[in-house]
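run_24.txt (compact mmCIF, C-alpha atoms)
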```txt
# COMPACT_ATOMS: atom_id res chain seq x y z
CA MET A 1 110.02 108.87 105.92
CA ALA A 2 109.72 105.74 107.98
CA SER A 3 107.06 103.16 108.69
CA PHE A 4 106.22 102.33 112.28
CA ILE A 5 104.55 99.63 114.26
CA ILE A 6 103.34 100.95 117.61
CA ASN A 7 102.89 98.59 120.56
CA VAL A 8 100.72 99.67 123.48
CA MET A 9 101.14 97.75 126.72
CA GLY A 10 99.29 99.79 129.34
CA ALA A 11 95.61 100.42 130.06
CA PRO A 12 94.07 103.87 129.62
CA TYR A 13 93.66 105.90 132.83
CA THR A 14 95.94 103.43 134.64
CA SER A 15 98.96 104.04 132.48
CA GLN A 16 99.98 106.93 130.24
CA ALA A 17 100.90 104.43 127.49
CA PRO A 18 97.77 104.62 125.28
CA HIS A 19 97.67 108.41 125.43
CA SER A 20 101.39 108.85 124.71
CA ALA A 21 101.10 106.36 121.85
CA LEU A 22 98.17 108.31 120.42
CA ARG A 23 100.13 111.57 120.57
CA PHE A 24 103.11 109.84 118.98
CA ALA A 25 100.94 108.41 116.20
CA ARG A 26 99.47 111.83 115.39
CA ALA A 27 102.91 113.46 115.37
CA ALA A 28 104.38 110.74 113.16
CA LEU A 29 101.53 111.01 110.66
CA ALA A 30 101.77 114.81 110.67
CA GLN A 31 105.42 114.48 109.62
CA GLY A 32 104.56 112.16 106.76
CA HIS A 33 105.53 108.84 108.36
CA THR A 34 103.30 105.83 107.99
CA ILE A 35 101.90 103.51 110.64
CA VAL A 36 101.80 99.88 109.61
CA ARG A 37 99.71 98.84 112.57
CA VAL A 38 99.04 99.58 116.22
CA PHE A 39 99.20 96.46 118.37
CA PHE A 40 97.58 96.46 121.79
CA TYR A 41 98.96 93.84 124.15
CA ALA A 42 98.88 92.99 127.87
CA ASP A 43 96.77 95.63 129.71
CA GLY A 44 96.86 97.75 126.55
CA VAL A 45 93.88 95.72 125.32
CA HIS A 46 91.61 97.76 127.59
CA THR A 47 92.04 100.63 125.13
CA GLY A 48 89.61 98.74 122.89
CA SER A 49 86.71 98.80 125.31
CA ALA A 50 83.55 100.38 123.95
CA LEU A 51 82.31 100.82 127.52
CA ALA A 52 84.91 103.23 128.89
CA CYS A 53 83.18 106.35 130.24
CA PRO A 54 85.83 108.78 131.46
CA PRO A 55 84.73 112.08 133.07
CA GLN A 56 83.86 114.72 130.47
CA ASP A 57 86.79 116.94 131.37
CA GLU A 58 89.29 114.15 130.64
CA PRO A 59 90.40 112.99 127.20
CA HIS A 60 88.45 110.00 125.93
CA ILE A 61 91.44 107.87 124.93
CA PRO A 62 89.56 104.88 123.40
CA GLN A 63 87.29 107.25 121.44
CA GLN A 64 90.28 109.25 120.20
CA TRP A 65 92.01 106.09 118.97
CA GLN A 66 88.85 105.10 117.13
CA THR A 67 88.60 108.55 115.53
CA LEU A 68 92.25 108.45 114.45
CA ALA A 69 91.86 104.95 113.02
CA GLU A 70 88.81 105.97 111.03
CA SER A 71 90.21 109.22 109.68
CA GLU A 72 93.70 107.90 108.88
CA HIS A 73 92.79 104.31 108.03
CA ILE A 74 95.10 102.83 110.64
CA GLU A 75 94.80 99.21 111.69
CA LEU A 76 94.23 98.87 115.44
CA VAL A 77 94.83 95.25 116.40
CA ILE A 78 94.11 93.87 119.85
CA CYS A 79 95.77 90.63 120.89
CA VAL A 80 92.90 88.18 121.14
CA ALA A 81 94.46 85.98 123.86
CA ALA A 82 95.29 88.97 126.06
CA ALA A 83 91.85 90.49 125.40
CA LEU A 84 89.73 87.42 126.15
CA ARG A 85 91.44 86.95 129.52
CA ARG A 86 90.66 90.57 130.37
CA GLY A 87 87.05 90.68 129.20
CA ILE A 88 87.50 92.53 125.92
CA ILE A 89 85.51 90.57 123.36
CA ASN A 90 83.85 91.02 119.97
CA GLU A 91 80.59 89.60 118.67
CA SER A 92 81.98 86.46 117.07
CA GLU A 93 84.12 85.49 120.07
CA ALA A 94 81.17 86.18 122.37
CA LYS A 95 79.09 83.73 120.35
CA ARG A 96 81.87 81.14 120.50
CA TYR A 97 82.00 81.44 124.30
CA GLY A 98 78.24 81.51 124.73
CA LEU A 99 78.15 85.12 125.95
CA THR A 100 75.24 87.40 125.23
CA GLN A 101 77.24 90.64 125.27
CA TYR A 102 80.39 92.03 123.73
CA ASN A 103 82.32 95.26 124.08
CA LEU A 104 84.97 95.68 121.39
CA ARG A 105 85.02 99.27 120.20
CA SER A 106 84.47 100.01 116.51
CA GLY A 107 87.76 100.65 114.72
CA PHE A 108 89.56 97.88 116.65
CA SER A 109 89.92 94.24 115.64
CA LEU A 110 90.87 91.14 117.59
CA SER A 111 93.69 89.09 116.12
CA GLY A 112 96.70 87.03 117.08
CA LEU A 113 100.30 87.78 117.97
CA GLY A 114 101.16 86.91 114.37
CA GLN A 115 99.98 90.42 113.47
CA TRP A 116 102.63 91.80 115.79
CA ALA A 117 105.34 89.42 114.54
CA GLU A 118 104.59 90.29 110.93
CA GLY A 119 104.42 94.00 111.79
CA ILE A 120 107.86 94.19 113.40
CA GLN A 121 109.34 92.56 110.30
CA VAL A 122 107.79 94.89 107.75
CA ALA A 123 107.96 98.16 109.69
CA ASP A 124 111.16 100.21 109.58
CA ARG A 125 110.82 100.96 113.27
CA THR A 126 109.14 99.43 116.30
CA ILE A 127 108.12 101.59 119.22
CA THR A 128 106.57 100.30 122.42
CA PHE A 129 104.64 102.30 124.97
CA GLN A 130 105.11 100.35 128.17
CA ALA A 131 102.64 100.27 131.06
CA MET B 1 125.24 76.79 121.43
CA THR B 2 124.98 80.10 119.69
CA ALA B 3 127.48 82.00 121.84
CA SER B 4 128.99 83.77 118.86
CA LYS B 5 125.64 85.02 117.56
CA ASN B 6 125.29 88.66 118.37
CA HIS B 7 122.61 90.11 116.13
CA PHE B 8 119.00 89.38 116.92
CA ASP B 9 115.74 90.42 115.34
CA VAL B 10 114.02 90.37 118.71
CA LEU B 11 115.56 90.79 122.15
CA MET B 12 113.21 90.15 125.05
CA ILE B 13 114.42 91.58 128.36
CA MET B 14 112.64 89.71 131.12
CA GLN B 15 112.72 91.65 134.37
CA HIS B 16 109.65 90.72 136.37
CA PRO B 17 109.61 88.00 139.03
CA PRO B 18 107.61 84.84 138.35
CA LEU B 19 104.04 84.27 139.53
CA ALA B 20 103.51 87.94 140.40
CA ASN B 21 101.99 89.31 137.20
CA SER B 22 101.35 88.39 133.58
CA MET B 23 104.57 89.88 132.21
CA PRO B 24 106.70 86.69 132.13
CA ARG B 25 104.01 84.70 130.35
CA GLU B 26 103.08 87.44 127.88
CA GLY B 27 106.73 88.13 127.09
CA LEU B 28 107.44 84.46 126.44
CA ASP B 29 104.30 84.20 124.29
CA MET B 30 105.69 87.01 122.13
CA ALA B 31 109.12 85.36 121.96
CA LEU B 32 107.65 82.04 120.81
CA VAL B 33 105.46 83.65 118.16
CA ALA B 34 108.37 85.76 116.86
CA ALA B 35 110.44 82.59 116.55
CA THR B 36 107.59 80.88 114.72
CA PHE B 37 107.73 83.75 112.22
CA GLY B 38 111.40 83.00 111.56
CA GLN B 39 112.82 85.79 113.71
CA GLN B 40 116.12 85.30 115.53
CA VAL B 41 115.10 85.70 119.16
CA ALA B 42 117.22 86.17 122.29
CA LEU B 43 116.10 86.36 125.89
CA LEU B 44 117.89 88.35 128.56
CA PHE B 45 116.88 87.74 132.16
CA ALA B 46 117.69 90.70 134.35
CA GLY B 47 116.79 92.09 137.76
CA GLU B 48 114.06 90.12 139.49
CA GLY B 49 113.41 88.42 136.14
CA ILE B 50 116.28 86.10 137.03
CA PHE B 51 113.97 84.40 139.53
CA GLN B 52 111.92 83.08 136.61
CA LEU B 53 114.80 80.65 136.05
CA LEU B 54 114.97 79.29 139.58
CA PRO B 55 114.10 75.59 139.59
CA GLY B 56 111.67 74.00 142.01
CA GLN B 57 108.77 76.42 141.70
CA ALA B 58 105.26 75.20 142.47
CA PRO B 59 102.89 77.45 140.50
CA GLU B 60 100.07 74.91 140.88
CA GLN B 61 99.84 75.89 144.55
CA LEU B 62 98.62 79.27 143.29
CA ALA B 63 96.41 77.66 140.63
CA LEU B 64 98.84 79.04 138.04
CA LYS B 65 100.52 77.31 135.14
CA GLY B 66 103.81 79.15 135.58
CA THR B 67 106.25 79.53 132.73
CA HIS B 68 108.64 76.62 133.22
CA ARG B 69 107.00 74.54 130.53
CA MET B 70 107.25 77.43 128.11
CA LEU B 71 110.91 77.89 129.05
CA GLU B 72 111.57 74.21 128.43
CA ALA B 73 109.96 74.56 125.00
CA LEU B 74 112.30 77.36 123.89
CA PRO B 75 114.79 75.04 122.14
CA LEU B 76 111.93 73.50 120.16
CA TYR B 77 111.33 76.97 118.76
CA ASP B 78 115.05 77.39 118.00
CA ILE B 79 115.44 79.96 120.76
CA GLU B 80 118.83 79.00 122.13
CA SER B 81 120.29 82.38 123.00
CA VAL B 82 119.39 82.79 126.64
CA PHE B 83 121.37 85.37 128.60
CA VAL B 84 121.40 86.53 132.18
CA SER B 85 122.71 89.77 133.63
CA GLU B 86 125.99 89.03 135.42
CA PRO B 87 125.77 92.04 137.80
CA ASP B 88 122.23 91.03 138.80
CA LEU B 89 123.31 87.41 139.31
CA SER B 90 125.97 88.51 141.75
CA ASN B 91 123.55 90.89 143.52
CA TYR B 92 121.33 87.93 144.26
CA ARG B 93 124.29 85.63 145.04
CA LEU B 94 123.16 83.26 142.32
CA ASP B 95 125.17 81.19 139.88
CA ALA B 96 124.06 80.71 136.29
CA GLN B 97 124.61 76.97 136.71
CA GLN B 98 121.83 76.86 139.33
CA LEU B 99 119.33 78.25 136.86
CA LEU B 100 117.10 76.58 134.31
CA LEU B 101 118.31 76.74 130.70
CA SER B 102 121.91 77.40 131.88
CA PRO B 103 121.82 81.01 130.69
CA GLN B 104 124.98 82.68 129.48
CA PRO B 105 126.07 85.52 131.83
CA LYS B 106 126.51 88.93 130.20
CA SER B 107 128.38 91.89 131.68
CA ALA B 108 126.83 95.36 131.71
CA LEU B 109 128.94 96.28 128.68
CA GLU B 110 127.93 93.13 126.81
CA ILE B 111 124.29 93.91 127.59
CA GLN B 112 124.76 97.36 126.06
CA HIS B 113 126.10 95.74 122.90
CA LEU B 114 123.32 93.17 122.89
CA ILE B 115 120.66 95.88 123.06
CA ALA B 116 122.39 98.10 120.52
CA SER B 117 122.82 95.28 118.01
CA SER B 118 119.29 93.87 118.26
CA ARG B 119 116.81 95.05 115.63
CA THR B 120 113.94 95.30 118.10
CA VAL B 121 113.97 95.22 121.90
CA PHE B 122 111.03 94.47 124.17
CA SER B 123 110.89 94.67 127.91
CA PHE B 124 108.70 92.36 129.97
```
Show the structure stored in the file as structure tokens.
Amino acid sequence: MASFIINVMGAPYTSQAPHSALRFARAALAQGHTIVRVFFYADGVHTGSALACPPQDEPHIPQQWQTLAESEHIELVICVAAALRRGIINESEAKRYGLTQYNLRSGFSLSGLGQWAEGIQVADRTITFQA
Amino acid sequence: MTASKNHFDVLMIMQHPPLANSMPREGLDMALVAATFGQQVALLFAGEGIFQLLPGQAPEQLALKGTHRMLEALPLYDIESVFVSEPDLSNYRLDAQQLLLSPQPKSALEIQHLIASSRTVFSF
């Protein structure tokens, strides 16, 4: 059994990366592997939007990540620098920047690249889903 | 110079041209943070990524910061293993000596070894 850190670099519905990563995460867990952390970087940060409204006959990728995180207790970390540039923001950052609204989906947290750097050291394996 | 060093914790393969998208900056950000966490980091510039190392760029004309300052900071973060793909250099009729950071050219076979011997590999 191995431990994984999963990096997601592409945006949902633009890139297959978040969906492939989700399928990989489920398969890994089903086989008894562990997931140290999922790190969303570059356009991958859009996976953490609470405002995505895909058509009903398409998979709701952000919702499915949230569900997986809640049921399996997986840490979903969004790079804060990449997220703020792209308009993904939580309540505390919104306050800091004087914004009245925020859109980070429940189950995701904003944090720094240190979470990624620590993750690749402690995980047995690193897998990246590119845009 | 760390020419003999061949095992890296993090290999960043930089293959996007400068000033066209966020990949060069976001890849370098990762490299710098990994180094801050004590990881042995190497950079390999390949394909159009080689153009990131061309001197004389003027990113301010596009209201961009560019990545040259980050590249210059690499030695401060103990990132001294900077490689460039030899086949791609010759495709573009460039010489490693013309490039910033004087990268060390690597043949296709050496690149294979570099990738195989690195603990993690990221592509930007």
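Distance criterion 7 Å to chain A, applied with all atoms listed in the file, yields Glu26, Met30, Val33, Ala34, Phe37 and Thr120 of chain B on chain B.
Counting from atom CA of A:Cys53, the distance to atom CA of A:Ser111 is 24.7 Å.
For the atom pair formed by atom CA of B:Val84 and atom CA of B:Pro17, the distance is 13.7 Å, given to one decimal.
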Within-7 Å shell of (126.3, 96.5, 138.1) in input frame, all atoms listed in the file, as a ChimeraX atom specification: /B:87-88,108
What does the file look like for those residues with C-alpha atoms, as a PDB file, keeping the file's coordinate frame?
```pdb
ATOM      1  CA  PRO B  87     125.770  92.040 137.800  1.00  0.00           C
ATOM      2  CA  ASP B  88     122.230  91.030 138.800  1.00  0.00           C
ATOM      3  CA  ALA B 108     126.830  95.360 131.710  1.00  0.00           C
TER       4      ALA B 108
END
```
When you look at A:Ser92 with a cut-off of 12 Å (counting all atoms listed in the file), what residues show up, excluding the ones that are within fewer than 2 positions of it in the same chain? I need them as a compact mmCIF listing (two decimals) with C-alpha atoms, keeping the file's coordinate frame.
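As a result, part_29.txt now contains:
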```txt
# COMPACT_ATOMS: atom_id res chain seq x y z
CA VAL A 80 92.90 88.18 121.14
CA LEU A 84 89.73 87.42 126.15
CA ILE A 89 85.51 90.57 123.36
CA ASN A 90 83.85 91.02 119.97
CA ALA A 94 81.17 86.18 122.37
CA LYS A 95 79.09 83.73 120.35
CA ARG A 96 81.87 81.14 120.50
CA TYR A 97 82.00 81.44 124.30
CA GLY A 98 78.24 81.51 124.73
CA LEU A 99 78.15 85.12 125.95
CA THR A 100 75.24 87.40 125.23
CA GLN A 101 77.24 90.64 125.27
CA TYR A 102 80.39 92.03 123.73
CA ASN A 103 82.32 95.26 124.08
CA LEU A 104 84.97 95.68 121.39
CA SER A 109 89.92 94.24 115.64
CA LEU A 110 90.87 91.14 117.59
```
Hey, what's within 8 Å of B:His16 if we count all atoms listed in the file and toss same-chain stuff fewer than 3 positions away? As a PyMOL selection string, please? chain B and resi 20-21+23-24+47-49+52+124
I'd like the contact shell of B:Glu110 - 10 Å cut-off, only C-alpha atoms, skipping same-chain residues fewer than 4 positions apart - returned as an mmCIF file with C-alpha atoms, in the coordinates of the input.
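Output below, filename out.cif:
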```cif
data_model
loop_
_atom_site.group_PDB
_atom_site.id
_atom_site.type_symbol
_atom_site.label_atom_id
_atom_site.label_comp_id
_atom_site.auth_asym_id
_atom_site.auth_seq_id
_atom_site.Cartn_x
_atom_site.Cartn_y
_atom_site.Cartn_z
ATOM 1 C CA ASN B 6 125.290 88.660 118.370
ATOM 2 C CA SER B 85 122.710 89.770 133.630
ATOM 3 C CA GLU B 86 125.990 89.030 135.420
ATOM 4 C CA PRO B 105 126.070 85.520 131.830
ATOM 5 C CA LYS B 106 126.510 88.930 130.200
ATOM 6 C CA LEU B 114 123.320 93.170 122.890
ATOM 7 C CA ILE B 115 120.660 95.880 123.060
ATOM 8 C CA ALA B 116 122.390 98.100 120.520
#
```
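Counting from atom CA of B:Gly27, the distance to atom CA of A:Ile61 is 25.1 Å.
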All residues 10 Å or closer to A:Ser3, all atoms listed in the file, same chain fewer than 4 positions away omitted, as JSON, numbers by chain: {"A": [28, 29, 32, 33, 34, 35, 36, 37, 122, 123, 124, 125, 126]}
Name all residues at most 12 Å from B:Leu64 (count all atoms listed in the file; drop same-chain ones fewer than 2 positions away) and give them as a PyMOL selection string. chain B and resi 18-22+25+57-62+66-69
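The shortest atom-to-atom distance to B:Gln39, with only C-alpha atoms taken into account, belongs to A:Gly119 out of A:Gly119, A:Pro62, A:Gln16, A:Val45.
Nearest-residue note for B:Phe122: choosing from B:Ser102, B:Gln15, B:Asn91, B:Thr36, the minimum distance belongs to B:Gln15, counting all atoms listed in the file.
When only C-alpha atoms are used to compute distances to A:Ile5, the closest of the residues A:Ala21, A:Ala27, A:Ala131, A:Leu68 turns out to be A:Ala21.
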So, counting only C-alpha atoms, which residue among B:Gln104, B:Ser123, B:Ser118, B:Gln112 is closest to B:Leu89? B:Gln104
